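Worksheet: the structure to be examined is printed underneath.
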Amino acid sequence: MHTSTSARTAPASAALTADRFRWRVVDIVVAAVLGVAIGLIFWGWNTVGGIWFGAMDAVTPGLGGIAVGIWLLGGVVGGLIIRKPGAALLVELIAAVVSALIGNVWGITTIFSGLAQGLGAELIFLAFLYLRFTLPVAMLAGAGAGIGAWLLELFLTPNIVKSLEFNLIYLGTLVVSGALLAGVVGWFLVRALAATGALSRFAAGREARRDV
C-alpha cells in the first residue's frame, strides 16, 4: 500500500511537538531557581516600588501603576527561558510565594497576584503557540501580566468602586510598565544570562551563541 509523505510525517511532527512541550527535570529545577531568585527581587522592590507607587499615585491617582512592572518580571523571564506551557505562570507564582513568605504588606494576596499576573503572561506565549520569543513578544507578555494584575485588583482591592478615570489610567500605566519593566528588562536579562553560558541547555542559550 502506498503511503503519502504527509501521512508518514504527521505522526513524527506530532511526536516532535509533544517532546517540545514535555517538561524535563532541568526545566523544573530552573523554574524553581528562577522563581526564588525573582521572588527575592520582588522582596527588594517591595520597599522601593511601594514608595514610587505611592508618590506617583499622589501626583495622579492611578499613575502608581508605572512602578508595578518589576513585580511582573517572573512570568516574562520564565516563559522566555523555559518555553514550555505553564512556565510563565509557574515562575511568577513561585516568586510571589517567596515574596509572601519572606514578608510584605500584602500577605496572602501576593499569591493571588502571582496567579493573575503569571496567567496574563502565559496567555501571550500561548497565543504565539510557544514558538516566538522575540522582544516584541516579551513586551506583550509583560503587558499581558499587567492586564492580569489590573483585572484581579479591579475586584480584590476593589478598584471597581473607584472612578472610571482612575481605572483607565491605572490600566494604561500597568500595560506600559509591564511592557517596559517586565518585557524589555526581562528580555535583556535573559540575553545577559544566556551570554554567560548559564542557559546552555535551553533554546535561549543556543540562540545567544548563534548571535555572537
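In the C-alpha cells, chains take the letters A, B, ... in the order shown, each chain's residues start at 1, and ligands count up from 1 in the order shown.
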Could you name the residues that touch Leu101 in chain A at 12 Å or less, counting only C-alpha atoms, but leaving out those on the same chain fewer than 2 positions away, as a PDB file with C-alpha atoms, in the first residue's frame?
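The file below, result-v3.pdb, is the result:
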ATOM      1  CA  VAL A  36      13.177  32.001  44.158  1.00  0.00           C
ATOM      2  CA  GLY A  39      10.977  36.376  44.480  1.00  0.00           C
ATOM      3  CA  LEU A  40      13.994  37.967  46.181  1.00  0.00           C
ATOM      4  CA  PHE A  42      10.214  41.227  44.372  1.00  0.00           C
ATOM      5  CA  TRP A  43      11.043  41.436  48.069  1.00  0.00           C
ATOM      6  CA  ILE A  94       6.832  30.741  42.880  1.00  0.00           C
ATOM      7  CA  ALA A  95       8.250  34.268  43.013  1.00  0.00           C
ATOM      8  CA  ALA A  96       5.025  35.551  44.575  1.00  0.00           C
ATOM      9  CA  VAL A  97       5.051  32.756  47.175  1.00  0.00           C
ATOM     10  CA  VAL A  98       8.673  33.551  48.082  1.00  0.00           C
ATOM     11  CA  SER A  99       7.840  37.254  48.433  1.00  0.00           C
ATOM     12  CA  GLY A 103       7.058  39.029  54.396  1.00  0.00           C
ATOM     13  CA  ASN A 104       5.363  42.021  52.823  1.00  0.00           C
ATOM     14  CA  VAL A 105       2.407  44.278  53.491  1.00  0.00           C
ATOM     15  CA  TRP A 106       0.100  42.370  51.099  1.00  0.00           C
ATOM     16  CA  GLY A 107       0.345  38.938  52.713  1.00  0.00           C
ATOM     17  CA  ILE A 108      -1.585  36.082  51.115  1.00  0.00           C
ATOM     18  CA  THR A 109      -2.985  38.325  48.370  1.00  0.00           C
ATOM     19  CA  THR A 110       0.529  38.366  46.873  1.00  0.00           C
ATOM     20  CA  ILE A 111      -0.041  34.764  45.808  1.00  0.00           C
TER      21      ILE A 111
END
Helix (DSSP H, G or I) per DSSP on the backbone: members of range 49-173 of chain A, as a tab-separated table (two decimals) with C-alpha atoms, in the first residue's frame:
chain	number	residue	atom	x	y	z
A	49	GLY	CA	8.43	50.17	44.30
A	50	GLY	CA	5.98	50.82	47.12
A	51	ILE	CA	7.41	54.29	47.69
A	52	TRP	CA	7.42	55.02	43.95
A	53	PHE	CA	3.85	53.73	43.63
A	54	GLY	CA	2.65	55.99	46.44
A	55	ALA	CA	4.48	59.04	45.07
A	56	MET	CA	3.09	58.61	41.57
A	57	ASP	CA	-0.42	57.95	42.86
A	58	ALA	CA	-0.21	61.15	44.89
A	59	VAL	CA	0.53	63.10	41.70
A	63	LEU	CA	-0.29	56.68	37.92
A	64	GLY	CA	1.27	54.42	40.54
A	65	GLY	CA	0.87	51.51	38.14
A	66	ILE	CA	4.07	52.66	36.45
A	67	ALA	CA	6.03	51.08	39.33
A	68	VAL	CA	4.40	47.66	39.08
A	69	GLY	CA	6.39	46.26	36.13
A	70	ILE	CA	9.19	44.74	38.21
A	71	TRP	CA	6.59	42.61	40.05
A	72	LEU	CA	5.58	41.18	36.65
A	73	LEU	CA	9.09	40.02	35.75
A	74	GLY	CA	8.72	36.34	36.71
A	75	GLY	CA	6.22	35.39	34.04
A	76	VAL	CA	8.20	37.02	31.25
A	77	VAL	CA	11.58	35.56	32.25
A	78	GLY	CA	10.14	32.11	32.94
A	79	GLY	CA	8.39	32.00	29.59
A	80	LEU	CA	11.40	33.25	27.64
A	81	ILE	CA	13.80	30.74	29.16
A	82	ILE	CA	11.81	27.53	29.65
A	87	ALA	CA	6.39	28.09	32.65
A	88	ALA	CA	5.39	31.76	32.83
A	89	LEU	CA	2.63	31.03	35.33
A	90	LEU	CA	4.80	28.74	37.47
A	91	VAL	CA	7.80	31.08	37.80
A	92	GLU	CA	5.63	34.11	38.60
A	93	LEU	CA	3.69	32.08	41.17
A	94	ILE	CA	6.83	30.74	42.88
A	95	ALA	CA	8.25	34.27	43.01
A	96	ALA	CA	5.03	35.55	44.57
A	97	VAL	CA	5.05	32.76	47.18
A	98	VAL	CA	8.67	33.55	48.08
A	99	SER	CA	7.84	37.25	48.43
A	100	ALA	CA	4.85	36.44	50.64
A	101	LEU	CA	6.82	34.02	52.82
A	102	ILE	CA	9.65	36.48	53.41
A	109	THR	CA	-2.98	38.32	48.37
A	110	THR	CA	0.53	38.37	46.87
A	111	ILE	CA	-0.04	34.76	45.81
A	112	PHE	CA	-3.32	35.69	44.11
A	113	SER	CA	-1.44	38.43	42.28
A	114	GLY	CA	1.20	35.93	41.17
A	115	LEU	CA	-1.50	33.70	39.71
A	116	ALA	CA	-3.22	36.54	37.83
A	117	GLN	CA	-0.01	38.11	36.56
A	118	GLY	CA	1.53	34.79	35.57
A	119	LEU	CA	-1.63	33.80	33.72
A	120	GLY	CA	-1.62	37.11	31.85
A	121	ALA	CA	1.91	36.47	30.57
A	122	GLU	CA	1.18	32.78	29.91
A	123	LEU	CA	-1.73	33.60	27.61
A	124	ILE	CA	0.53	35.72	25.41
A	125	PHE	CA	3.07	32.93	24.97
A	126	LEU	CA	0.16	30.57	24.28
A	127	ALA	CA	-1.19	32.94	21.62
A	135	LEU	CA	11.50	41.31	22.22
A	136	PRO	CA	8.02	42.35	20.98
A	137	VAL	CA	6.54	39.09	22.32
A	138	ALA	CA	8.30	39.68	25.66
A	139	MET	CA	6.79	43.18	25.78
A	140	LEU	CA	3.35	41.78	25.02
A	141	ALA	CA	3.79	39.18	27.77
A	142	GLY	CA	4.70	41.94	30.23
A	143	ALA	CA	1.67	43.93	29.13
A	144	GLY	CA	-0.49	40.80	29.47
A	145	ALA	CA	0.77	40.33	33.02
A	146	GLY	CA	-0.18	43.94	33.70
A	147	ILE	CA	-3.70	43.35	32.43
A	148	GLY	CA	-3.93	40.28	34.66
A	149	ALA	CA	-2.91	42.40	37.65
A	150	TRP	CA	-5.49	45.05	36.73
A	151	LEU	CA	-8.33	42.54	36.42
A	152	LEU	CA	-7.52	40.98	39.79
A	153	GLU	CA	-7.25	44.31	41.57
A	154	LEU	CA	-10.46	45.50	39.96
A	155	PHE	CA	-12.32	43.15	42.28
A	156	LEU	CA	-9.81	42.27	45.01
A	159	ASN	CA	-10.82	49.20	42.30
A	160	ILE	CA	-14.22	48.67	40.71
A	161	VAL	CA	-15.71	51.19	43.15
A	164	LEU	CA	-13.53	55.23	35.51
A	165	GLU	CA	-10.73	57.76	35.08
A	166	PHE	CA	-8.65	56.10	37.81
A	167	ASN	CA	-9.14	52.63	36.36
A	168	LEU	CA	-8.27	53.68	32.82
A	169	ILE	CA	-5.13	55.50	33.97
A	170	TYR	CA	-4.15	52.56	36.16
A	171	LEU	CA	-4.70	50.09	33.31
A	172	GLY	CA	-2.63	52.21	30.94
A	173	THR	CA	0.27	52.56	33.35
task: Compare A:Lys162, A:Arg83, A:Arg22, A:Arg191 by their minimum atom-to-atom distance to Ala203 in chain A, counting only C-alpha atoms, and give me the closest one.
output: A:Arg83
task: Would you work out the distance separating CA of Ala204 in chain A from CA of Val190 in chain A, expressed in Å to one decimal?
output: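 Distance reported for this atom pair: 7.6 Å.
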- prompt: To one decimal place, how far is CA of Gly205 in chain A from CA of Val175 in chain A in Å?
  reply: 28.0 Å
- request: Can you work out the spacing between CA of Pro85 in chain A and CA of Phe21 in chain A in Å, to one decimal?
  value: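 Separation of CA of Pro85 in chain A and CA of Phe21 in chain A: 6.6 Å.
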Among listed residues A:Trp187, A:Trp45, A:Phe202, A:Phe133, nearest Asp27 in chain A (using only C-alpha atoms):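 With only C-alpha atoms as the atom set, the closest residue is A:Phe202.
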